[in-house]
file protein_22.txt (compact mmCIF, C-alpha atoms)
# COMPACT_ATOMS: atom_id res chain seq x y z
CA MET D 1 98.73 111.48 93.75
CA LYS D 2 98.90 108.08 92.09
CA THR D 3 102.61 107.71 92.78
CA ARG D 4 102.10 108.73 96.39
CA THR D 5 99.40 106.09 96.85
CA TRP D 6 101.71 103.38 95.50
CA GLY D 7 104.53 104.72 97.64
CA ILE D 8 102.41 104.46 100.77
CA LEU D 9 101.35 100.92 99.88
CA ALA D 10 104.98 99.94 99.29
CA ALA D 11 105.96 101.41 102.67
CA VAL D 12 103.24 99.37 104.43
CA VAL D 13 104.42 96.18 102.72
CA LEU D 14 108.06 96.88 103.65
CA LEU D 15 107.14 97.68 107.26
CA THR D 16 105.40 94.32 107.45
CA VAL D 17 107.90 92.17 105.55
CA LEU D 18 111.26 93.55 106.71
CA PRO D 19 110.80 92.50 110.37
CA LEU D 20 110.74 88.88 109.15
CA TRP D 21 114.49 89.20 108.55
CA PHE D 22 115.59 91.93 110.91
CA ALA D 23 113.62 91.16 114.04
CA ALA D 24 115.51 90.57 117.25
CA ALA D 25 114.83 87.28 118.98
CA PRO D 26 112.38 87.83 121.85
CA PRO D 27 114.15 87.79 125.22
CA ALA D 28 113.56 84.63 127.19
CA VAL D 29 111.69 85.00 130.46
CA PRO D 30 113.80 83.37 133.18
CA GLY D 31 112.47 79.98 134.14
CA THR D 32 110.60 79.34 130.89
CA ALA D 33 111.59 78.01 127.48
CA ALA D 34 112.79 80.57 124.93
CA PRO D 35 109.67 82.04 123.28
CA ALA D 36 109.01 81.15 119.65
CA MET D 37 109.73 83.80 117.03
CA PHE D 38 106.67 85.80 115.98
CA GLY D 39 104.33 84.52 118.63
CA GLY D 40 101.54 86.83 119.68
CA SER D 41 102.50 89.73 121.97
CA ASP D 42 99.42 88.82 124.02
CA GLU D 43 101.00 85.47 124.92
CA ARG D 44 104.29 87.19 125.73
CA ALA D 45 102.41 89.40 128.17
CA GLN D 46 100.88 86.27 129.67
CA GLN D 47 104.38 84.85 130.24
CA ALA D 48 105.49 88.13 131.78
CA ILE D 49 102.57 87.96 134.21
CA GLY D 50 103.73 84.43 135.06
CA SER D 51 107.21 85.72 135.91
CA ILE D 52 106.00 88.74 137.93
CA ALA D 53 103.27 86.92 139.85
CA PRO D 54 104.00 83.18 139.66
CA ALA D 55 101.18 82.47 142.12
CA TYR D 56 98.51 84.08 139.94
CA LYS D 57 96.00 81.66 138.47
CA PRO D 58 93.52 82.86 135.83
CA TRP D 59 90.08 82.69 137.46
CA PHE D 60 87.97 82.42 134.36
CA ALA D 61 88.33 80.30 131.21
CA PRO D 62 87.15 81.30 127.73
CA VAL D 63 83.55 80.18 127.13
CA PHE D 64 84.37 78.89 123.67
CA GLU D 65 87.77 78.10 122.26
CA PRO D 66 88.42 77.40 118.58
CA ALA D 67 89.06 73.68 118.25
CA SER D 68 92.48 74.24 116.64
CA GLY D 69 94.82 76.85 115.24
CA GLU D 70 93.28 76.23 111.82
CA ILE D 71 89.76 77.01 113.07
CA ALA D 72 91.08 80.12 114.79
CA SER D 73 92.69 81.36 111.57
CA LEU D 74 89.44 80.57 109.72
CA LEU D 75 87.55 82.87 112.10
CA PHE D 76 90.22 85.58 111.86
CA ALA D 77 90.07 85.33 108.06
CA LEU D 78 86.28 85.62 108.25
CA GLN D 79 86.57 88.77 110.32
CA ALA D 80 89.03 90.29 107.85
CA ALA D 81 86.90 89.20 104.89
CA VAL D 82 83.80 90.93 106.26
CA GLY D 83 85.78 94.13 106.69
CA ALA D 84 87.49 93.94 103.31
CA GLY D 85 84.19 93.06 101.63
CA VAL D 86 82.44 96.17 102.91
CA ILE D 87 85.41 98.38 101.97
CA GLY D 88 85.53 96.80 98.49
CA PHE D 89 81.79 97.38 98.02
CA TRP D 90 82.16 101.05 98.96
CA LEU D 91 85.21 101.55 96.74
CA GLY D 92 83.56 99.86 93.74
CA LEU D 93 80.35 101.83 94.24
CA SER D 94 82.29 105.08 94.55
CA VAL D 95 84.34 104.53 91.39
CA ALA D 96 81.22 103.58 89.40
CA ARG D 97 79.33 106.57 90.79
CA GLU D 98 82.09 108.96 89.84
CA ARG D 99 82.35 107.46 86.36
CA ALA D 100 78.59 107.79 85.89
CA ARG D 101 78.71 111.37 87.12
CA ARG D 102 81.49 112.19 84.68
CA ALA D 103 79.70 110.50 81.75
CA ASP D 104 76.54 112.36 82.74
CA GLY D 105 78.39 115.66 82.85
CA ALA D 106 79.97 114.95 79.45
CA SER D 107 76.64 114.06 77.79
CA THR D 108 74.81 117.10 79.20
CA SER D 109 77.59 119.41 78.05
CA ALA D 110 77.42 117.72 74.63
CA GLN D 111 73.70 118.41 74.56
CA ASP D 112 74.35 122.00 75.58
CA ALA D 113 76.81 122.28 72.72
CA ARG D 114 74.21 120.95 70.25
CA ALA D 115 71.57 123.28 71.60
CA ASP D 116 73.72 126.34 70.93
CA MET W 1 96.54 94.51 123.36
CA HIS W 2 94.06 91.83 124.34
CA ILE W 3 94.33 91.01 128.00
CA MET W 4 93.58 87.29 128.07
CA GLU W 5 90.49 85.82 129.71
CA GLY W 6 90.86 85.63 133.48
CA PHE W 7 94.16 87.50 133.51
CA LEU W 8 92.92 90.50 135.47
CA PRO W 9 92.06 90.08 139.15
CA PRO W 10 88.27 90.31 139.71
CA ALA W 11 88.45 93.78 141.31
CA HIS W 12 90.31 95.19 138.28
CA ALA W 13 88.04 93.42 135.81
CA LEU W 14 84.93 94.85 137.49
CA GLY W 15 86.46 98.29 137.82
CA TRP W 16 87.32 98.58 134.12
CA ALA W 17 83.88 97.27 133.16
CA ALA W 18 82.29 99.92 135.38
CA VAL W 19 84.39 102.62 133.68
CA SER W 20 83.72 101.41 130.14
CA ALA W 21 79.98 100.64 130.35
CA PRO W 22 78.71 104.23 130.69
CA VAL W 23 81.06 105.40 127.93
CA LEU W 24 79.71 102.61 125.71
CA ALA W 25 76.12 103.67 126.46
CA TRP W 26 76.99 107.28 125.66
CA GLY W 27 78.73 106.18 122.43
CA LEU W 28 75.66 104.21 121.29
CA HIS W 29 73.43 107.17 122.04
CA ALA W 30 75.71 109.61 120.18
CA MET W 31 76.03 107.26 117.19
CA GLY W 32 72.25 106.78 116.95
CA ARG W 33 71.61 110.51 117.16
CA SER W 34 74.22 111.27 114.49
CA LEU W 35 72.78 108.66 112.10
CA ARG W 36 69.20 109.85 112.60
CA ALA W 37 70.25 113.41 111.84
CA HIS W 38 72.50 112.47 108.89
CA PRO W 39 71.37 109.17 107.32
CA GLU W 40 73.80 109.78 104.43
CA ARG W 41 76.66 109.09 106.83
CA ARG W 42 75.68 105.44 107.18
CA MET W 43 77.88 104.37 104.28
CA LEU W 44 81.04 106.04 105.61
CA LEU W 45 80.38 104.81 109.14
CA GLY W 46 80.08 101.32 107.67
CA VAL W 47 83.44 101.77 105.98
CA ALA W 48 85.01 102.98 109.23
CA ALA W 49 83.61 99.96 111.10
CA ALA W 50 84.77 97.60 108.34
CA PHE W 51 88.25 99.15 108.54
CA ALA W 52 88.38 98.36 112.27
CA PHE W 53 87.19 94.80 111.61
CA LEU W 54 89.77 94.26 108.90
CA LEU W 55 92.77 95.78 110.66
CA SER W 56 92.17 94.21 114.05
CA ALA W 57 92.08 90.76 112.42
CA LEU W 58 95.56 91.17 110.92
CA LYS W 59 98.40 90.11 113.18
CA LEU W 60 101.54 91.60 111.71
CA PRO W 61 105.15 90.67 112.48
CA SER W 62 107.21 93.34 114.19
CA VAL W 63 110.84 94.16 114.91
CA THR W 64 110.65 92.73 118.43
CA GLY W 65 110.13 89.24 117.02
CA SER W 66 106.50 88.98 118.02
CA CYS W 67 103.22 89.69 116.28
CA SER W 68 100.57 92.23 117.07
CA HIS W 69 97.63 93.83 115.31
CA PRO W 70 96.58 97.38 114.47
CA THR W 71 93.24 98.58 115.85
CA GLY W 72 91.73 100.52 112.94
CA VAL W 73 89.56 102.68 115.20
CA GLY W 74 91.41 105.94 114.47
CA LEU W 75 89.75 106.39 111.07
CA GLY W 76 86.21 106.42 112.44
CA ALA W 77 87.20 108.58 115.40
CA LEU W 78 88.49 111.38 113.23
CA LEU W 79 85.52 111.17 110.85
CA PHE W 80 82.65 110.85 113.32
CA GLY W 81 84.19 111.76 116.66
CA PRO W 82 85.47 109.30 119.26
CA ALA W 83 82.02 108.42 120.69
CA ALA W 84 80.94 106.63 117.51
CA MET W 85 83.89 104.25 117.65
CA VAL W 86 83.22 103.00 121.18
CA PRO W 87 80.38 100.66 120.07
CA VAL W 88 82.35 99.60 116.98
CA GLY W 89 85.41 98.66 119.02
CA PHE W 90 83.14 96.90 121.51
CA VAL W 91 81.62 94.71 118.77
CA VAL W 92 85.08 93.76 117.44
CA LEU W 93 86.32 92.85 120.93
CA LEU W 94 83.14 90.93 121.77
CA PHE W 95 83.43 88.91 118.55
CA GLN W 96 87.04 88.02 119.32
CA ALA W 97 86.29 87.22 122.97
CA LEU W 98 83.34 84.96 122.21
CA LEU W 99 84.48 83.13 119.08
CA LEU W 100 88.26 83.35 119.05
CA ALA W 101 89.18 83.02 122.74
CA HIS W 102 91.18 86.18 122.04
CA GLY W 103 90.77 88.61 124.90
CA GLY W 104 87.87 87.60 127.12
CA LEU W 105 84.58 88.45 128.75
CA THR W 106 86.10 89.20 132.16
CA THR W 107 88.73 91.46 130.55
CA LEU W 108 86.30 93.01 128.06
CA GLY W 109 85.91 96.18 130.13
CA ALA W 110 89.67 96.76 130.25
CA ASN W 111 90.12 95.94 126.56
CA VAL W 112 87.24 98.21 125.54
CA PHE W 113 88.82 100.96 127.62
CA SER W 114 92.20 100.71 125.83
CA MET W 115 91.08 99.99 122.25
CA ALA W 116 87.62 101.54 121.97
CA ILE W 117 87.95 104.52 124.34
CA VAL W 118 91.57 105.65 124.76
CA GLY W 119 92.54 104.92 121.13
CA PRO W 120 89.70 106.89 119.48
CA PHE W 121 89.93 109.78 121.96
CA VAL W 122 93.69 110.15 121.46
CA SER W 123 93.25 109.98 117.66
CA TYR W 124 90.54 112.61 117.78
CA GLY W 125 92.55 114.88 120.07
CA VAL W 126 95.73 114.58 117.99
CA PHE W 127 93.76 115.34 114.83
CA ARG W 128 92.23 118.48 116.32
CA VAL W 129 95.59 119.71 117.58
CA ALA W 130 97.18 119.00 114.19
CA ALA W 131 94.36 120.87 112.44
CA VAL W 132 94.77 123.86 114.73
CA LEU W 133 98.52 123.82 114.07
CA GLY W 134 97.70 124.01 110.37
CA LEU W 135 99.32 120.71 109.36
CA SER W 136 98.19 119.25 106.04
CA ARG W 137 95.32 116.76 106.14
CA SER W 138 97.48 113.75 105.31
CA VAL W 139 99.99 114.52 108.05
CA ALA W 140 97.21 115.16 110.57
CA VAL W 141 95.44 111.89 109.68
CA PHE W 142 98.69 109.93 109.85
CA LEU W 143 99.64 111.30 113.26
CA ALA W 144 96.12 110.80 114.63
CA ALA W 145 95.80 107.15 113.57
CA CYS W 146 99.39 106.24 114.45
CA LEU W 147 99.42 107.83 117.92
CA GLY W 148 95.92 106.56 118.74
CA ASP W 149 97.08 103.02 117.96
CA LEU W 150 100.18 103.41 120.15
CA ALA W 151 98.13 104.93 122.97
CA THR W 152 95.95 101.80 123.05
CA TYR W 153 98.98 99.59 123.64
CA VAL W 154 100.50 101.93 126.22
CA THR W 155 97.15 101.80 128.05
CA THR W 156 97.15 98.00 128.02
CA SER W 157 100.68 98.03 129.46
CA ALA W 158 99.60 100.40 132.24
CA GLN W 159 96.51 98.27 133.01
CA LEU W 160 98.62 95.14 133.37
CA ALA W 161 101.31 96.94 135.36
CA TRP W 162 98.65 98.22 137.75
CA ALA W 163 97.24 94.72 138.23
CA PHE W 164 100.67 93.07 138.46
CA PRO W 165 103.18 95.47 140.02
CA ASP W 166 106.72 94.14 140.18
CA ALA W 167 107.73 92.75 143.59
CA VAL W 168 110.81 95.01 143.65
CA GLY W 169 110.27 97.91 141.26
CA GLY W 170 106.50 98.26 141.72
CA PHE W 171 104.24 99.72 139.05
CA TYR W 172 107.00 101.44 137.13
CA ALA W 173 109.24 98.37 136.65
CA SER W 174 106.25 96.33 135.65
CA PHE W 175 105.07 99.01 133.22
CA VAL W 176 108.48 99.10 131.53
CA LYS W 177 108.29 95.33 131.12
CA PHE W 178 104.80 95.29 129.60
CA ALA W 179 105.48 98.36 127.46
CA GLY W 180 108.56 96.56 126.13
CA ILE W 181 106.26 93.76 125.00
CA PHE W 182 103.32 95.79 123.72
CA ALA W 183 104.29 99.35 122.87
CA LEU W 184 107.67 98.59 121.29
CA THR W 185 106.20 95.84 119.11
CA GLN W 186 103.49 98.26 118.08
CA VAL W 187 105.72 101.04 116.70
CA PRO W 188 106.06 99.79 113.07
CA ILE W 189 102.48 98.48 113.14
CA ALA W 190 101.17 101.86 114.29
CA ILE W 191 103.06 103.50 111.41
CA SER W 192 101.41 101.05 108.99
CA GLU W 193 98.00 101.85 110.45
CA GLY W 194 98.67 105.57 110.06
CA LEU W 195 99.65 105.13 106.41
CA LEU W 196 96.63 102.93 105.60
CA THR W 197 94.29 105.42 107.27
CA VAL W 198 95.74 108.18 105.08
CA LEU W 199 94.99 106.08 101.98
CA VAL W 200 91.35 105.54 103.01
CA VAL W 201 90.82 109.21 103.90
CA ASN W 202 92.34 110.23 100.55
CA ALA W 203 89.91 107.90 98.75
CA MET W 204 87.02 109.33 100.76
CA ALA W 205 88.10 112.87 99.94
CA ARG W 206 88.03 111.96 96.27
CA PHE W 207 84.79 109.96 96.14
CA ASN W 208 82.74 111.26 99.06
CA ALA W 209 83.79 114.91 99.14
CA GLN W 210 80.24 116.06 99.85
CA GLU W 211 79.67 113.80 102.87
CA LEU W 212 83.16 114.56 104.14
CA ARG W 213 82.54 118.30 104.09
CA SER W 214 79.50 117.87 106.31
CA LEU W 215 81.57 116.12 108.99
CA PRO W 216 82.52 118.61 111.70
CA VAL W 217 86.07 117.39 112.22
CA MET W 218 86.99 117.22 108.57
CA ALA W 219 85.50 120.67 108.02
CA LEU W 220 87.90 121.97 110.67
CA GLY W 221 90.85 120.52 108.77
CA ALA W 222 89.54 121.87 105.46
CA ARG W 223 89.12 125.38 106.83
CA LYS W 224 92.72 125.38 107.95
CA ALA W 225 93.90 124.03 104.60
CA ALA W 226 92.01 126.74 102.72
call {"tool": "encode", "arguments": {"input": "protein_22.txt", "output": "structure tokens"}}
result
Amino acid sequence: MKTRTWGILAAVVLLTVLPLWFAAAPPAVPGTAAPAMFGGSDERAQQAIGSIAPAYKPWFAPVFEPASGEIASLLFALQAAVGAGVIGFWLGLSVARERARRADGASTSAQDARAD
Amino acid sequence: MHIMEGFLPPAHALGWAAVSAPVLAWGLHAMGRSLRAHPERRMLLGVAAAFAFLLSALKLPSVTGSCSHPTGVGLGALLFGPAAMVPVGFVVLLFQALLLAHGGLTTLGANVFSMAIVGPFVSYGVFRVAAVLGLSRSVAVFLAACLGDLATYVTTSAQLAWAFPDAVGGFYASFVKFAGIFALTQVPIAISEGLLTVLVVNAMARFNAQELRSLPVMALGARKAA
């Protein structure tokens, strides 16, 4: 069980890290500059729309745009932190609860033993 | 899978919103009813929502040389049924549309449809089929989360292809192009999401066995395993 958990974690890390070396360069859309490595796939889709329908103009702009890439990553980190925080709280609570349950079980069985 | 703000023609944007809104209302209703009947599920639903928040904030590099993010909605779908994850996915997408300029308000309907409706429903369906086939819980959870994630990105590709058919090849050529961007990038990321979901479900099975047994879907898997 333990080994399998670590194995799964290692697989996730490898799946994330290996593409950094083995990724193919994204194909350039004709008429535009070669896309940067590891840009967002959402932006790649935007470029593809530009090449399929060059006349298309977005008809609505975002109401609020993060002032810079740094602010955007701050907000993304915040989103991840909220999620990780809740999961950490649950995991900590669960481990403590199980430990308490086990200690409880052990002490009651000890009392049972004394009572006999 | 976020279709950027303004990047769907108005008719498409309205159409997807009209499709998603009633499903969202139904999801809210179903979630409220389930929590009123089983208040002890609040904790695990919170964990499922947190998992979606966490995973959809992580943009991971992929073999195609671009980055994309997992959705994290599969976990909640196979614990609580797909309806409960529609509002959760909606909140995540609204947060990103309003504060991050990631996705958008005009494309919210389409994005909710792919990430908060198709993803959870595919996950749930795959899990039920896997349980009926008698696959082990870990394999069933992995397949459900992984395929649900992929289905979201295939849906986005189809939505964009429908809005922007290729001048020569039509819908199909356009779909191949968008799927090459979204679905292909997503393959290793979907595998990661499947593996992470297995880890969380294993932890829940260990620490929250009682609550898990009372969940209809999990009980189905457990009956088959027994």
call {"tool": "residues_around", "arguments": {"input": "protein_22.txt", "residues": "Asn202 of chain W", "least_positions_apart": "4", "cutoff": "8 Å", "atoms": "only C-alpha atoms", "output": "compact mmCIF listing (two decimals) with C-alpha atoms, in the frame of the given file"}}
result
# COMPACT_ATOMS: atom_id res chain seq x y z
CA SER W 138 97.48 113.75 105.31
CA VAL W 198 95.74 108.18 105.08
CA ARG W 206 88.03 111.96 96.27
call {"tool": "atom_distance", "arguments": {"input": "protein_22.txt", "atom1": "atom CA of Lys57 of chain D", "atom2": "atom CA of Pro165 of chain W"}}
result
15.6 Å
call {"tool": "closest_residue", "arguments": {"input": "protein_22.txt", "among": "D:Ala11, D:Leu18, D:Ala80, D:Val95", "to": "chain W", "atoms": "all atoms listed in the file"}}
result
D:Ala80
call {"tool": "interface_residues", "arguments": {"input": "protein_22.txt", "of": "chain D", "to": "chain W", "cutoff": "8 Å", "atoms": "all atoms listed in the file", "output": "number ranges by chain"}}
result
D: 5, 8-9, 11-12, 15-17, 19-20, 22-26, 37-42, 44-46, 48-49, 52-53, 57-66, 72, 75-77, 79-84, 86-87, 90, 94-95, 98
call {"tool": "atom_distance", "arguments": {"input": "protein_22.txt", "atom1": "atom CA of Ala103 of chain D", "atom2": "atom CA of His38 of chain W"}}
result
28.1 Å
call {"tool": "atom_distance", "arguments": {"input": "protein_22.txt", "atom1": "atom CA of Phe175 of chain W", "atom2": "atom CA of Thr155 of chain W"}}
result
9.9 Å
call {"tool": "residues_around", "arguments": {"input": "protein_22.txt", "residues": "Val122 of chain W", "least_positions_apart": "3", "cutoff": "8 Å", "atoms": "all atoms listed in the file", "output": "PDB file with C-alpha atoms, keeping the file's coordinate frame"}}
result
ATOM      1  CA  VAL W 118      91.570 105.650 124.760  1.00  0.00           C
ATOM      2  CA  GLY W 119      92.540 104.920 121.130  1.00  0.00           C
ATOM      3  CA  GLY W 125      92.550 114.880 120.070  1.00  0.00           C
ATOM      4  CA  VAL W 126      95.730 114.580 117.990  1.00  0.00           C
ATOM      5  CA  ALA W 144      96.120 110.800 114.630  1.00  0.00           C
ATOM      6  CA  LEU W 147      99.420 107.830 117.920  1.00  0.00           C
ATOM      7  CA  GLY W 148      95.920 106.560 118.740  1.00  0.00           C
ATOM      8  CA  ALA W 151      98.130 104.930 122.970  1.00  0.00           C
TER       9      ALA W 151
END
call {"tool": "decode", "arguments": {"input": "protein_22.txt", "residues": "segment 129-191 of chain W", "atoms": "C-alpha atoms", "output": "compact mmCIF listing (two decimals), in the first residue's frame"}}
result
# COMPACT_ATOMS: atom_id res chain seq x y z
CA VAL W 129 -19.44 0.72 -16.35
CA ALA W 130 -16.12 -0.23 -14.73
CA ALA W 131 -17.94 -1.27 -11.54
CA VAL W 132 -20.38 -3.40 -13.50
CA LEU W 133 -17.46 -5.01 -15.34
CA GLY W 134 -16.03 -5.90 -11.94
CA LEU W 135 -12.79 -3.93 -12.26
CA SER W 136 -10.98 -3.14 -9.01
CA ARG W 137 -11.78 0.19 -7.35
CA SER W 138 -8.42 1.75 -8.15
CA VAL W 139 -8.63 0.88 -11.84
CA ALA W 140 -12.22 2.11 -12.03
CA VAL W 141 -11.35 5.41 -10.32
CA PHE W 142 -8.32 5.91 -12.55
CA LEU W 143 -10.25 5.30 -15.77
CA ALA W 144 -13.14 7.50 -14.64
CA ALA W 145 -11.02 10.53 -13.71
CA CYS W 146 -8.65 10.17 -16.68
CA LEU W 147 -11.34 9.75 -19.34
CA GLY W 148 -13.55 12.45 -17.83
CA ASP W 149 -10.64 14.89 -18.05
CA LEU W 150 -9.96 13.96 -21.68
CA ALA W 151 -13.66 14.21 -22.55
CA THR W 152 -13.67 17.83 -21.34
CA TYR W 153 -10.89 18.75 -23.76
CA VAL W 154 -12.44 16.84 -26.65
CA THR W 155 -15.66 18.77 -25.98
CA THR W 156 -13.83 22.10 -26.07
CA SER W 157 -12.26 21.10 -29.40
CA ALA W 158 -15.69 20.23 -30.81
CA GLN W 159 -17.19 23.51 -29.54
CA LEU W 160 -14.45 25.54 -31.23
CA ALA W 161 -14.62 23.48 -34.42
CA TRP W 162 -18.38 24.06 -34.57
CA ALA W 163 -17.92 27.82 -34.16
CA PHE W 164 -14.93 27.99 -36.53
CA PRO W 165 -15.27 25.35 -39.26
CA ASP W 166 -12.33 25.19 -41.64
CA ALA W 167 -12.90 26.97 -44.97
CA VAL W 168 -11.94 23.81 -46.88
CA GLY W 169 -12.35 20.81 -44.59
CA GLY W 170 -15.32 22.10 -42.58
CA PHE W 171 -16.05 20.94 -39.04
CA TYR W 172 -13.93 17.82 -39.23
CA ALA W 173 -10.69 19.50 -40.36
CA SER W 174 -11.16 22.18 -37.76
CA PHE W 175 -11.88 19.60 -35.05
CA VAL W 176 -8.68 17.72 -35.87
CA LYS W 177 -6.77 20.98 -35.54
CA PHE W 178 -8.25 21.94 -32.17
CA ALA W 179 -8.06 18.38 -30.84
CA GLY W 180 -4.37 18.39 -31.79
CA ILE W 181 -3.95 21.42 -29.54
CA PHE W 182 -6.19 20.42 -26.64
CA ALA W 183 -6.76 16.68 -26.49
CA LEU W 184 -3.23 15.59 -27.40
CA THR W 185 -1.69 17.96 -24.86
CA GLN W 186 -4.09 16.60 -22.29
CA VAL W 187 -3.15 12.90 -22.54
CA PRO W 188 -0.28 12.85 -19.96
CA ILE W 189 -2.11 15.41 -17.81
CA ALA W 190 -5.26 13.28 -17.78
CA ILE W 191 -3.15 10.29 -16.69
